[in-house]
file protein.txt (compact mmCIF, C-alpha atoms)
# COMPACT_ATOMS: atom_id res chain seq x y z
CA MET A 1 -85.62 -84.59 -13.93
CA ALA A 2 -87.29 -82.75 -11.09
CA ALA A 3 -88.27 -79.11 -11.41
CA ALA A 4 -89.75 -78.65 -7.95
CA ALA A 5 -87.49 -76.94 -5.45
CA VAL A 6 -86.08 -78.93 -2.54
CA THR A 7 -85.06 -77.09 0.62
CA VAL A 8 -81.87 -78.12 2.39
CA ALA A 9 -81.43 -75.46 5.07
CA GLY A 10 -83.09 -75.12 8.42
CA GLY A 11 -86.11 -77.31 7.79
CA LEU A 12 -87.79 -74.57 5.75
CA ALA A 13 -90.84 -75.51 3.74
CA ALA A 14 -90.16 -76.42 0.13
CA GLN A 15 -91.46 -74.04 -2.47
CA ALA A 16 -92.23 -74.64 -6.11
CA ALA A 17 -89.74 -73.05 -8.49
CA ALA A 18 -89.35 -73.03 -12.23
CA PRO A 19 -86.22 -74.47 -13.85
CA PRO A 20 -83.75 -71.87 -15.14
CA ALA A 21 -84.15 -70.49 -18.63
CA GLY A 22 -82.56 -72.81 -21.16
CA TRP A 23 -82.87 -75.90 -18.96
CA ARG A 24 -84.57 -78.07 -21.56
CA ALA A 25 -81.99 -77.22 -24.22
CA PHE A 26 -79.23 -77.87 -21.71
CA THR A 27 -80.49 -81.33 -20.75
CA THR A 28 -80.80 -82.23 -24.44
CA ALA A 29 -77.18 -81.24 -24.97
CA PHE A 30 -76.20 -83.01 -21.75
CA ASP A 31 -77.75 -86.28 -22.94
CA HIS A 32 -76.11 -85.86 -26.33
CA TYR A 33 -72.72 -85.54 -24.66
CA THR A 34 -73.21 -88.56 -22.40
CA ALA A 35 -74.29 -90.67 -25.38
CA SER A 36 -71.42 -89.52 -27.60
CA ASP A 37 -68.88 -90.09 -24.81
CA SER A 38 -70.30 -93.54 -23.87
CA VAL A 39 -71.17 -92.36 -20.35
CA VAL A 40 -73.12 -95.08 -18.55
CA GLY A 41 -74.73 -92.79 -15.97
CA ALA A 42 -74.77 -89.12 -15.02
CA SER A 43 -76.67 -86.57 -12.95
CA VAL A 44 -76.83 -82.78 -12.92
CA LEU A 45 -78.77 -80.22 -10.90
CA VAL A 46 -79.13 -76.48 -10.39
CA LEU A 47 -79.80 -74.85 -7.06
CA GLN A 48 -80.78 -71.36 -6.04
CA ASP A 49 -80.56 -70.16 -2.43
CA GLY A 50 -80.11 -73.74 -1.27
CA ARG A 51 -83.15 -75.07 -3.13
CA VAL A 52 -82.87 -77.49 -6.03
CA VAL A 53 -84.75 -75.88 -8.90
CA ALA A 54 -83.93 -78.46 -11.58
CA ARG A 55 -82.43 -81.93 -11.70
CA HIS A 56 -81.75 -84.37 -14.49
CA ASP A 57 -80.57 -88.00 -14.19
CA ASP A 58 -79.46 -89.98 -17.22
CA GLY A 59 -78.51 -93.63 -17.71
CA TRP A 60 -77.45 -96.27 -15.24
CA GLY A 61 -75.84 -96.24 -11.83
CA ASP A 62 -75.12 -99.90 -12.41
CA ARG A 63 -75.69 -101.17 -15.94
CA ALA A 64 -75.48 -104.89 -15.17
CA LEU A 65 -77.99 -104.61 -12.34
CA ARG A 66 -80.27 -102.30 -14.39
CA GLN A 67 -80.20 -99.63 -11.69
CA ARG A 68 -81.06 -96.21 -13.04
CA THR A 69 -79.41 -93.05 -11.75
CA ASP A 70 -81.71 -91.19 -9.35
CA THR A 71 -81.71 -88.98 -6.26
CA ASN A 72 -80.20 -91.78 -4.16
CA THR A 73 -77.28 -92.56 -6.48
CA ILE A 74 -73.93 -92.18 -4.71
CA TYR A 75 -71.07 -90.86 -6.83
CA HIS A 76 -67.38 -90.48 -6.08
CA TRP A 77 -66.42 -86.77 -6.09
CA ALA A 78 -62.64 -87.17 -6.31
CA SER A 79 -60.74 -83.87 -6.09
CA ILE A 80 -63.79 -81.92 -4.97
CA THR A 81 -62.76 -83.42 -1.62
CA LYS A 82 -59.94 -80.85 -1.54
CA THR A 83 -62.48 -78.15 -0.73
CA LEU A 84 -63.26 -79.99 2.53
CA THR A 85 -59.57 -80.09 3.46
CA ALA A 86 -59.11 -76.42 2.65
CA VAL A 87 -62.12 -75.27 4.66
CA ALA A 88 -60.87 -77.37 7.60
CA ILE A 89 -57.48 -75.62 7.43
CA LEU A 90 -59.13 -72.17 7.40
CA GLN A 91 -61.31 -73.31 10.29
CA LEU A 92 -58.21 -74.07 12.36
CA ARG A 93 -56.68 -70.75 11.31
CA ASP A 94 -59.77 -68.88 12.49
CA ARG A 95 -59.64 -70.78 15.78
CA GLY A 96 -56.07 -69.67 16.37
CA ARG A 97 -54.46 -73.07 15.92
CA LEU A 98 -52.24 -72.08 12.98
CA THR A 99 -51.43 -69.30 10.54
CA LEU A 100 -51.40 -69.66 6.79
CA ASP A 101 -47.81 -68.45 6.71
CA ASP A 102 -46.62 -71.24 9.00
CA PRO A 103 -44.01 -73.44 7.31
CA ILE A 104 -45.44 -76.81 6.40
CA THR A 105 -42.35 -78.46 7.90
CA ARG A 106 -43.49 -77.28 11.35
CA TYR A 107 -46.22 -79.90 11.14
CA VAL A 108 -44.80 -82.29 8.55
CA PRO A 109 -41.05 -82.32 9.23
CA GLU A 110 -40.66 -85.38 6.99
CA LEU A 111 -40.89 -83.03 4.01
CA ARG A 112 -37.37 -81.78 4.72
CA GLN A 113 -36.23 -84.94 2.90
CA VAL A 114 -37.60 -83.61 -0.43
CA HIS A 115 -34.95 -81.98 -2.60
CA ASP A 116 -35.44 -78.24 -2.97
CA PRO A 117 -33.04 -76.83 -5.58
CA TYR A 118 -34.46 -73.34 -4.99
CA GLY A 119 -33.81 -72.93 -1.25
CA SER A 120 -35.06 -74.46 1.97
CA MET A 121 -38.12 -76.66 2.38
CA ASP A 122 -38.82 -74.60 5.51
CA ASP A 123 -39.81 -71.72 3.21
CA ILE A 124 -42.94 -73.54 1.97
CA THR A 125 -46.06 -72.27 3.71
CA ILE A 126 -49.53 -73.64 4.29
CA ARG A 127 -50.86 -70.83 2.11
CA MET A 128 -48.76 -72.04 -0.84
CA LEU A 129 -50.08 -75.58 -0.45
CA LEU A 130 -53.68 -74.37 -0.39
CA SER A 131 -53.13 -72.59 -3.71
CA HIS A 132 -51.17 -75.41 -5.41
CA ALA A 133 -48.13 -73.14 -5.51
CA ALA A 134 -45.64 -75.06 -3.35
CA GLY A 135 -43.83 -76.79 -6.22
CA PHE A 136 -44.82 -80.39 -5.42
CA GLN A 137 -45.55 -82.90 -8.18
CA ASP A 138 -49.08 -83.64 -9.37
CA PRO A 139 -49.41 -87.45 -9.00
CA THR A 140 -49.31 -89.03 -5.58
CA TRP A 141 -48.23 -92.46 -6.75
CA PRO A 142 -45.76 -93.10 -9.59
CA TYR A 143 -46.63 -96.76 -10.20
CA LYS A 144 -49.23 -96.67 -12.98
CA GLN A 145 -48.20 -99.46 -15.35
CA GLY A 146 -51.16 -101.73 -14.64
CA LYS A 147 -49.14 -104.41 -12.87
CA PRO A 148 -51.26 -106.67 -10.65
CA TRP A 149 -49.11 -105.86 -7.60
CA GLU A 150 -49.60 -102.09 -7.93
CA PRO A 151 -52.01 -100.51 -5.43
CA PHE A 152 -54.60 -98.06 -6.69
CA GLU A 153 -53.01 -95.42 -4.46
CA PRO A 154 -50.48 -95.61 -1.61
CA THR A 155 -52.17 -97.15 1.39
CA ARG A 156 -49.81 -95.97 4.14
CA TRP A 157 -48.25 -92.63 5.06
CA SER A 158 -44.92 -94.44 5.45
CA GLN A 159 -44.93 -95.18 1.72
CA LEU A 160 -45.07 -91.48 0.87
CA VAL A 161 -42.36 -90.70 3.40
CA ALA A 162 -40.14 -93.41 1.93
CA MET A 163 -40.38 -91.74 -1.50
CA MET A 164 -39.60 -88.22 -0.27
CA PRO A 165 -35.77 -88.48 -0.56
CA TYR A 166 -36.28 -89.34 -4.24
CA GLN A 167 -38.44 -86.34 -5.12
CA GLU A 168 -37.68 -82.71 -5.79
CA LEU A 169 -39.65 -79.53 -6.19
CA LEU A 170 -40.64 -78.63 -9.74
CA PHE A 171 -40.46 -74.83 -9.41
CA PRO A 172 -39.64 -72.16 -6.81
CA PRO A 173 -42.33 -72.26 -4.09
CA GLY A 174 -44.80 -69.42 -4.37
CA SER A 175 -43.76 -68.49 -7.91
CA ARG A 176 -46.65 -70.01 -9.85
CA TYR A 177 -49.49 -72.53 -9.91
CA GLY A 178 -48.82 -76.25 -10.31
CA TYR A 179 -51.58 -78.68 -9.35
CA SER A 180 -50.53 -81.14 -6.65
CA ASN A 181 -52.46 -84.03 -5.14
CA PRO A 182 -49.93 -84.92 -2.42
CA GLY A 183 -49.96 -81.30 -1.26
CA PHE A 184 -53.40 -81.91 0.22
CA ILE A 185 -52.26 -85.07 1.97
CA TYR A 186 -49.66 -82.89 3.68
CA LEU A 187 -52.39 -80.41 4.68
CA ALA A 188 -54.38 -83.30 6.12
CA ARG A 189 -51.37 -84.21 8.25
CA VAL A 190 -51.47 -80.69 9.67
CA ILE A 191 -55.09 -81.22 10.70
CA GLU A 192 -54.33 -84.58 12.26
CA ARG A 193 -51.28 -83.44 14.20
CA LEU A 194 -53.00 -80.33 15.58
CA THR A 195 -56.26 -81.99 16.59
CA GLY A 196 -55.39 -85.61 17.33
CA ASP A 197 -58.24 -86.73 15.06
CA ARG A 198 -57.89 -88.64 11.82
CA TRP A 199 -58.77 -86.42 8.86
CA GLN A 200 -62.07 -88.26 8.28
CA THR A 201 -63.06 -87.93 11.94
CA TYR A 202 -62.30 -84.22 11.93
CA VAL A 203 -64.44 -83.69 8.83
CA TYR A 204 -67.36 -85.65 10.29
CA LYS A 205 -67.20 -83.65 13.54
CA ASN A 206 -66.52 -80.16 12.24
CA LEU A 207 -67.99 -79.99 8.72
CA PHE A 208 -70.53 -82.72 8.11
CA GLY A 209 -72.07 -82.56 11.58
CA PRO A 210 -72.93 -78.84 11.63
CA LEU A 211 -74.14 -78.97 8.02
CA ALA A 212 -76.29 -82.10 8.49
CA ILE A 213 -74.43 -83.94 5.74
CA THR A 214 -75.51 -87.47 6.58
CA ARG A 215 -74.98 -89.82 3.62
CA SER A 216 -71.35 -89.00 2.85
CA TYR A 217 -68.46 -91.33 3.58
CA PHE A 218 -64.88 -92.15 2.66
CA ALA A 219 -63.26 -95.41 1.51
CA ALA A 220 -65.51 -98.52 1.60
CA THR A 221 -69.26 -98.04 1.24
CA PRO A 222 -71.28 -98.64 4.43
CA TYR A 223 -73.52 -101.67 4.14
CA TYR A 224 -76.77 -99.71 4.39
CA LEU A 225 -75.72 -97.39 1.52
CA ALA A 226 -74.28 -100.08 -0.75
CA PRO A 227 -77.42 -100.48 -2.91
CA SER A 228 -77.17 -96.81 -3.92
CA ARG A 229 -73.47 -96.80 -4.81
CA SER A 230 -72.82 -96.17 -8.49
CA ASN A 231 -70.44 -98.44 -10.30
CA ASN A 232 -67.78 -96.74 -12.42
CA TYR A 233 -66.69 -97.45 -15.96
CA TYR A 234 -63.94 -96.96 -18.50
CA LEU A 235 -64.28 -96.76 -22.26
CA ASP A 236 -61.14 -98.34 -23.66
CA GLU A 237 -60.04 -100.83 -26.35
CA ASP A 238 -59.72 -104.58 -26.11
CA SER A 239 -56.89 -106.62 -27.60
CA THR A 240 -58.48 -106.44 -31.06
CA GLY A 241 -58.79 -102.64 -30.99
CA ALA A 242 -62.56 -102.73 -30.53
CA GLU A 243 -64.00 -100.19 -28.10
CA ARG A 244 -65.60 -101.51 -24.94
CA VAL A 245 -67.12 -100.09 -21.78
CA HIS A 246 -66.20 -102.14 -18.74
CA ALA A 247 -67.05 -101.78 -15.06
CA ASN A 248 -64.32 -101.25 -12.48
CA GLY A 249 -66.34 -102.30 -9.44
CA ARG A 250 -68.28 -100.11 -7.05
CA ASP A 251 -65.61 -99.72 -4.37
CA PHE A 252 -61.89 -99.02 -4.50
CA ASP A 253 -59.31 -98.05 -1.89
CA PRO A 254 -58.01 -94.45 -2.17
CA GLY A 255 -55.55 -95.20 0.63
CA VAL A 256 -53.84 -92.15 2.11
CA THR A 257 -55.16 -89.99 -0.75
CA ILE A 258 -58.62 -89.68 0.84
CA PRO A 259 -58.05 -86.01 1.90
CA ASN A 260 -57.38 -85.03 -1.70
CA GLY A 261 -59.99 -87.22 -3.40
CA GLY A 262 -62.02 -89.60 -1.26
CA TRP A 263 -65.51 -88.11 -0.88
CA ASN A 264 -68.48 -90.33 -1.80
CA ALA A 265 -72.01 -88.94 -1.61
CA PRO A 266 -75.34 -88.50 -3.39
CA LEU A 267 -75.94 -85.13 -4.99
CA GLY A 268 -78.17 -84.13 -2.08
CA ASP A 269 -75.18 -83.98 0.29
CA LEU A 270 -73.29 -81.82 -2.20
CA VAL A 271 -76.33 -79.54 -2.27
CA ARG A 272 -75.89 -79.02 1.46
CA TRP A 273 -72.21 -78.21 0.90
CA LEU A 274 -73.06 -75.72 -1.84
CA SER A 275 -75.82 -74.23 0.30
CA PHE A 276 -73.21 -73.50 2.95
CA LEU A 277 -70.80 -72.07 0.38
CA THR A 278 -73.50 -69.79 -1.05
CA GLY A 279 -74.75 -68.72 2.39
CA ALA A 280 -78.31 -69.90 1.78
CA THR A 281 -79.74 -69.24 5.26
CA HIS A 282 -83.14 -67.79 4.24
CA GLY A 283 -82.93 -65.54 7.27
CA ASP A 284 -82.81 -68.48 9.69
CA SER A 285 -80.45 -67.43 12.51
CA ALA A 286 -79.84 -71.04 13.58
CA VAL A 287 -78.68 -71.98 10.08
CA ALA A 288 -76.50 -68.86 9.91
CA ALA A 289 -74.92 -69.77 13.25
CA ARG A 290 -74.12 -73.29 12.05
CA TYR A 291 -72.58 -71.92 8.87
CA ASP A 292 -70.39 -69.54 10.87
CA VAL A 293 -69.27 -72.42 13.08
CA VAL A 294 -67.95 -74.10 9.96
CA LEU A 295 -66.44 -70.96 8.37
CA THR A 296 -67.40 -67.30 8.19
CA ARG A 297 -68.34 -65.59 4.94
CA GLY A 298 -65.25 -63.42 5.20
CA SER A 299 -62.96 -66.43 5.31
CA LEU A 300 -64.75 -68.06 2.37
CA GLU A 301 -64.38 -64.90 0.30
CA GLU A 302 -60.70 -64.88 1.25
CA MET A 303 -60.41 -68.36 -0.24
CA TRP A 304 -62.08 -67.23 -3.45
CA ARG A 305 -59.63 -64.44 -4.30
CA ALA A 306 -57.56 -65.24 -7.37
CA ARG A 307 -53.93 -65.82 -6.40
CA TYR A 308 -52.31 -67.53 -9.39
CA LEU A 309 -53.14 -67.92 -13.03
CA ALA A 310 -54.04 -71.55 -13.63
CA THR A 311 -52.45 -71.77 -17.05
CA GLU A 312 -51.82 -75.51 -17.14
CA PRO A 313 -54.49 -78.23 -17.35
CA VAL A 314 -56.09 -79.39 -14.13
CA ALA A 315 -54.68 -82.89 -14.09
CA THR A 316 -57.31 -84.37 -11.79
CA GLY A 317 -60.14 -83.17 -13.98
CA PRO A 318 -60.68 -82.25 -17.60
CA ALA A 319 -61.86 -78.70 -16.93
CA ALA A 320 -59.13 -76.06 -17.08
CA ALA A 321 -59.50 -73.06 -14.79
CA ASP A 322 -58.80 -69.37 -15.25
CA SER A 323 -57.19 -68.83 -11.85
CA MET A 324 -56.58 -70.42 -8.49
CA GLY A 325 -57.69 -69.18 -5.10
CA MET A 326 -57.15 -71.26 -1.98
CA SER A 327 -58.29 -74.68 -3.20
CA PHE A 328 -61.09 -73.17 -5.28
CA PHE A 329 -60.86 -72.44 -9.00
CA ILE A 330 -62.19 -69.14 -10.28
CA LEU A 331 -63.73 -68.98 -13.74
CA TRP A 332 -65.02 -65.96 -15.61
CA ARG A 333 -67.81 -66.88 -18.01
CA HIS A 334 -70.91 -65.12 -19.31
CA GLY A 335 -69.79 -61.88 -17.64
CA ALA A 336 -69.77 -63.43 -14.15
CA ARG A 337 -67.35 -64.95 -11.65
CA PHE A 338 -67.84 -68.60 -10.72
CA VAL A 339 -66.09 -70.50 -7.95
CA GLY A 340 -65.79 -74.26 -7.78
CA HIS A 341 -63.81 -77.41 -8.44
CA THR A 342 -63.65 -80.47 -10.68
CA GLY A 343 -62.93 -84.09 -9.88
CA SER A 344 -61.72 -87.20 -11.70
CA GLN A 345 -60.72 -90.54 -10.20
CA ALA A 346 -61.30 -94.14 -11.21
CA GLY A 347 -64.11 -93.81 -13.78
CA PHE A 348 -65.84 -90.92 -12.02
CA ARG A 349 -65.79 -87.29 -13.16
CA SER A 350 -67.56 -84.32 -11.63
CA PHE A 351 -67.76 -80.56 -11.24
CA PHE A 352 -69.47 -77.95 -9.13
CA TYR A 353 -69.55 -74.17 -9.41
CA ILE A 354 -71.35 -71.45 -7.53
CA ASN A 355 -72.12 -67.84 -8.33
CA PRO A 356 -71.34 -66.12 -5.01
CA ILE A 357 -73.28 -62.99 -5.98
CA THR A 358 -76.57 -64.66 -6.89
CA ARG A 359 -76.20 -67.66 -4.51
CA ALA A 360 -76.86 -70.05 -7.39
CA GLY A 361 -74.95 -73.25 -8.07
CA VAL A 362 -74.65 -76.18 -10.42
CA LEU A 363 -73.15 -79.61 -9.91
CA ALA A 364 -72.79 -82.69 -12.08
CA ALA A 365 -71.36 -86.18 -11.84
CA PHE A 366 -70.52 -88.81 -14.46
CA ASN A 367 -69.60 -92.42 -13.74
CA THR A 368 -67.57 -93.09 -16.90
CA THR A 369 -64.17 -91.99 -18.25
CA ASN A 370 -63.29 -92.13 -21.94
CA ALA A 371 -59.74 -93.48 -22.26
CA VAL A 372 -60.03 -93.98 -26.03
CA ASP A 373 -60.27 -90.30 -27.03
CA PRO A 374 -59.56 -88.30 -23.86
CA GLU A 375 -59.02 -85.01 -25.70
CA ALA A 376 -62.44 -85.08 -27.37
CA SER A 377 -63.98 -86.21 -24.11
CA ALA A 378 -62.36 -83.32 -22.22
CA ALA A 379 -63.57 -80.83 -24.83
CA GLY A 380 -67.11 -82.16 -24.48
CA PHE A 381 -66.87 -82.01 -20.70
CA ARG A 382 -65.77 -78.36 -20.84
CA ALA A 383 -68.64 -77.54 -23.19
CA VAL A 384 -71.14 -79.11 -20.78
CA ARG A 385 -69.58 -77.22 -17.88
CA ASP A 386 -69.71 -73.87 -19.66
CA SER A 387 -73.32 -74.50 -20.71
CA ALA A 388 -74.12 -75.32 -17.10
CA LEU A 389 -72.54 -72.06 -15.98
CA SER A 390 -74.86 -70.17 -18.32
CA LEU A 391 -77.77 -71.53 -16.27
CA ILE A 392 -76.55 -69.69 -13.16
CA ALA A 393 -75.22 -66.55 -14.85
CA PRO A 394 -76.94 -63.25 -13.96
call {"tool": "encode", "arguments": {"input": "protein.txt", "output": "structure tokens"}}
result
Amino acid sequence: MAAAAVTVAGGLAAQAAAPPAGWRAFTTAFDHYTASDSVVGASVLVLQDGRVVARHDDGWGDRALRQRTDTNTIYHWASITKTLTAVAILQLRDRGRLTLDDPITRYVPELRQVHDPYGSMDDITIRMLLSHAAGFQDPTWPYKQGKPWEPFEPTRWSQLVAMMPYQELLFPPGSRYGYSNPGFIYLARVIERLTGDRWQTYVYKNLFGPLAITRSYFAATPYYLAPSRSNNYYLDEDSTGAERVHANGRDFDPGVTIPNGGWNAPLGDLVRWLSFLTGATHGDSAVAARYDVVLTRGSLEEMWRARYLATEPVATGPAAADSMGMSFFILWRHGARFVGHTGSQAGFRSFFYINPITRAGVLAAFNTTNAVDPEASAAGFRAVRDSALSLIAP
């Protein structure tokens, strides 16, 4: 665990900073949770004004290779990727390329094949998709029986299109919240059709470039980063009923689901993302200009307004949310409003939240999923999250 602050914006000199009050008790509880939930490796940090004021790494990035988790460890951030897609959509809105009330079928006409018992598919807007209120199903891929021929996720857009005539909306669009992974694949298609870039290329050019996010990637790990990639693990039961923790392998193919859950990065790159979200410029006009190129503060605040009660579990992560903005969840804890997202894919789980008022943030990643007692695991995860939020409360 490091208590010295690390600067991420504008090349400013690092300054010493004390960990937040309650940090030691939090890390003790954090380690207790990881041990009780059979987590192989995990990391958590707190930042204030873009500077890391406390960090704690626990366990192994790769148990077989005896590689500890550390500042270089690369985790998979799963559905936290959706915040990249959403900011990209708002970016295009602010540049006059689209409006949030445009029908999604203007850009993804294939969706007219989906059955809409409540009206016309042309009534579904980009705004509804951003807030998980369009009525689409949660899972992207229905084949989850463990057959050897099943892909991890669909690998081609044509596969999703082929399934569209055999799907229907679950509720009237715009009437309520219902978490949907494929909804963000459809948003990515909007980006690709408007710009001519693949989603990944657009993100590299328009988000990662201005924010100097340099060790992030999608899909297979680049060779030079491979030694830092965390493995991922499941706790399950073998044929005798005995519990076991087994590795899934460092890399997996998210296929066409990358725009809703494909981000891989060390915590340091997420710090840069949270620094942008919190507006940590430290008075540096060059940093402020780069942030505005990505998205203005006004547009970010627009994304963080509660639009729907999130009354059902967040299926891609074990942390339920109070309400939904545009791709960001809004929680009220400890008398404060927090904005963020969770992630869960393969064996990885994660969360980040910021306090927009104080410009503080917290993020954590775990490389193991408990499939033996998922309810107890989820309860422990929520307890860790809420304890982490207390560290950045006013």
call {"tool": "closest_residue", "arguments": {"input": "protein.txt", "among": "A:Arg198, A:Arg156, A:His32, A:Arg193", "to": "Gly59 of chain A", "atoms": "all atoms listed in the file"}}
result
A:His32
call {"tool": "residues_around", "arguments": {"input": "protein.txt", "residues": "Ser79 of chain A", "least_positions_apart": "5", "cutoff": "9 Å", "atoms": "all atoms listed in the file", "output": "mmCIF file with C-alpha atoms, in the coordinates of the input"}}
result
data_model
loop_
_atom_site.group_PDB
_atom_site.id
_atom_site.type_symbol
_atom_site.label_atom_id
_atom_site.label_comp_id
_atom_site.auth_asym_id
_atom_site.auth_seq_id
_atom_site.Cartn_x
_atom_site.Cartn_y
_atom_site.Cartn_z
ATOM 1 C CA ASN A 181 -52.460 -84.030 -5.140
ATOM 2 C CA PRO A 259 -58.050 -86.010 1.900
ATOM 3 C CA ASN A 260 -57.380 -85.030 -1.700
ATOM 4 C CA GLY A 261 -59.990 -87.220 -3.400
ATOM 5 C CA GLY A 262 -62.020 -89.600 -1.260
ATOM 6 C CA TRP A 263 -65.510 -88.110 -0.880
ATOM 7 C CA THR A 316 -57.310 -84.370 -11.790
ATOM 8 C CA GLY A 317 -60.140 -83.170 -13.980
ATOM 9 C CA HIS A 341 -63.810 -77.410 -8.440
ATOM 10 C CA THR A 342 -63.650 -80.470 -10.680
ATOM 11 C CA GLY A 343 -62.930 -84.090 -9.880
ATOM 12 C CA SER A 344 -61.720 -87.200 -11.700
ATOM 13 C CA GLN A 345 -60.720 -90.540 -10.200
ATOM 14 C CA SER A 350 -67.560 -84.320 -11.630
#
call {"tool": "closest_residue", "arguments": {"input": "protein.txt", "among": "A:Asn355, A:Ser43, A:Ser131, A:Gln113", "to": "Asp31 of chain A", "atoms": "all atoms listed in the file"}}
result
A:Ser43
call {"tool": "residues_around", "arguments": {"input": "protein.txt", "residues": "Asp57 of chain A", "least_positions_apart": "2", "cutoff": "10 Å", "atoms": "all atoms listed in the file", "output": "MDAnalysis selection string"}}
result
chainID A and resid 1:2 27 31 41:45 55 59:61 68:71 73 364:365
call {"tool": "closest_residue", "arguments": {"input": "protein.txt", "among": "A:Gly178, A:Pro20, A:Gly249, A:Gly347", "to": "Met324 of chain A", "atoms": "all atoms listed in the file"}}
result
A:Gly178
call {"tool": "closest_residue", "arguments": {"input": "protein.txt", "among": "A:Ala18, A:Val40, A:Arg189, A:Glu301", "to": "Arg66 of chain A", "atoms": "all atoms listed in the file"}}
result
A:Val40
call {"tool": "residues_around", "arguments": {"input": "protein.txt", "residues": "Ser323 of chain A", "least_positions_apart": "6", "cutoff": "8 Å", "atoms": "only C-alpha atoms", "output": "JSON list (two decimals) with C-alpha atoms, in the coordinates of the input"}}
result
[["chain", "number", "residue", "atom", "x", "y", "z"],
["A", 306, "ALA", "CA", -57.56, -65.24, -7.37],
["A", 307, "ARG", "CA", -53.93, -65.82, -6.40],
["A", 308, "TYR", "CA", -52.31, -67.53, -9.39],
["A", 309, "LEU", "CA", -53.14, -67.92, -13.03],
["A", 310, "ALA", "CA", -54.04, -71.55, -13.63],
["A", 311, "THR", "CA", -52.45, -71.77, -17.05],
["A", 329, "PHE", "CA", -60.86, -72.44, -9.00],
["A", 330, "ILE", "CA", -62.19, -69.14, -10.28],
["A", 331, "LEU", "CA", -63.73, -68.98, -13.74]]
call {"tool": "closest_residue", "arguments": {"input": "protein.txt", "among": "A:Leu295, A:Ala25, A:Val271, A:Ala379", "to": "Tyr353 of chain A", "atoms": "all atoms listed in the file"}}
result
A:Val271
call {"tool": "residues_around", "arguments": {"input": "protein.txt", "residues": "Tyr33 of chain A", "least_positions_apart": "6", "cutoff": "9 Å", "atoms": "only C-alpha atoms", "output": "PDB file with C-alpha atoms, in the coordinates of the input"}}
result
ATOM      1  CA  VAL A  39     -71.170 -92.360 -20.350  1.00  0.00           C
ATOM      2  CA  SER A 377     -63.980 -86.210 -24.110  1.00  0.00           C
ATOM      3  CA  GLY A 380     -67.110 -82.160 -24.480  1.00  0.00           C
ATOM      4  CA  PHE A 381     -66.870 -82.010 -20.700  1.00  0.00           C
ATOM      5  CA  VAL A 384     -71.140 -79.110 -20.780  1.00  0.00           C
TER       6      VAL A 384
END
call {"tool": "closest_residue", "arguments": {"input": "protein.txt", "among": "A:Trp149, A:Phe276, A:Tyr75, A:Phe218", "to": "Val256 of chain A", "atoms": "all atoms listed in the file"}}
result
A:Phe218
call {"tool": "atom_distance", "arguments": {"input": "protein.txt", "atom1": "atom CA of Ile354 of chain A", "atom2": "atom CA of Val339 of chain A"}}
result
5.4 Å
call {"tool": "atom_distance", "arguments": {"input": "protein.txt", "atom1": "atom CA of Thr85 of chain A", "atom2": "atom CA of Ala188 of chain A"}}
result
6.7 Å
call {"tool": "atom_distance", "arguments": {"input": "protein.txt", "atom1": "atom CA of Leu211 of chain A", "atom2": "atom CA of Gln48 of chain A"}}
result
17.3 Å
call {"tool": "residues_around", "arguments": {"input": "protein.txt", "residues": "Ser299 of chain A", "least_positions_apart": "5", "cutoff": "10 Å", "atoms": "all atoms listed in the file", "output": "ChimeraX atom specification"}}
result
/A:87,90-91,93-94,292,304
call {"tool": "residues_near_point", "arguments": {"input": "protein.txt", "point": "(-69.3, -76.5, -22.6)", "cutoff": "12 Å", "atoms": "all atoms listed in the file", "output": "list of chain:residue names"}}
result
A:Phe26, A:Ala29, A:Phe30, A:Tyr33, A:Pro318, A:Ala319, A:Ala320, A:Arg333, A:His334, A:Ala376, A:Ser377, A:Ala378, A:Ala379, A:Gly380, A:Phe381, A:Arg382, A:Ala383, A:Val384, A:Arg385, A:Asp386, A:Ser387, A:Ala388, A:Leu389, A:Ser390, A:Leu391
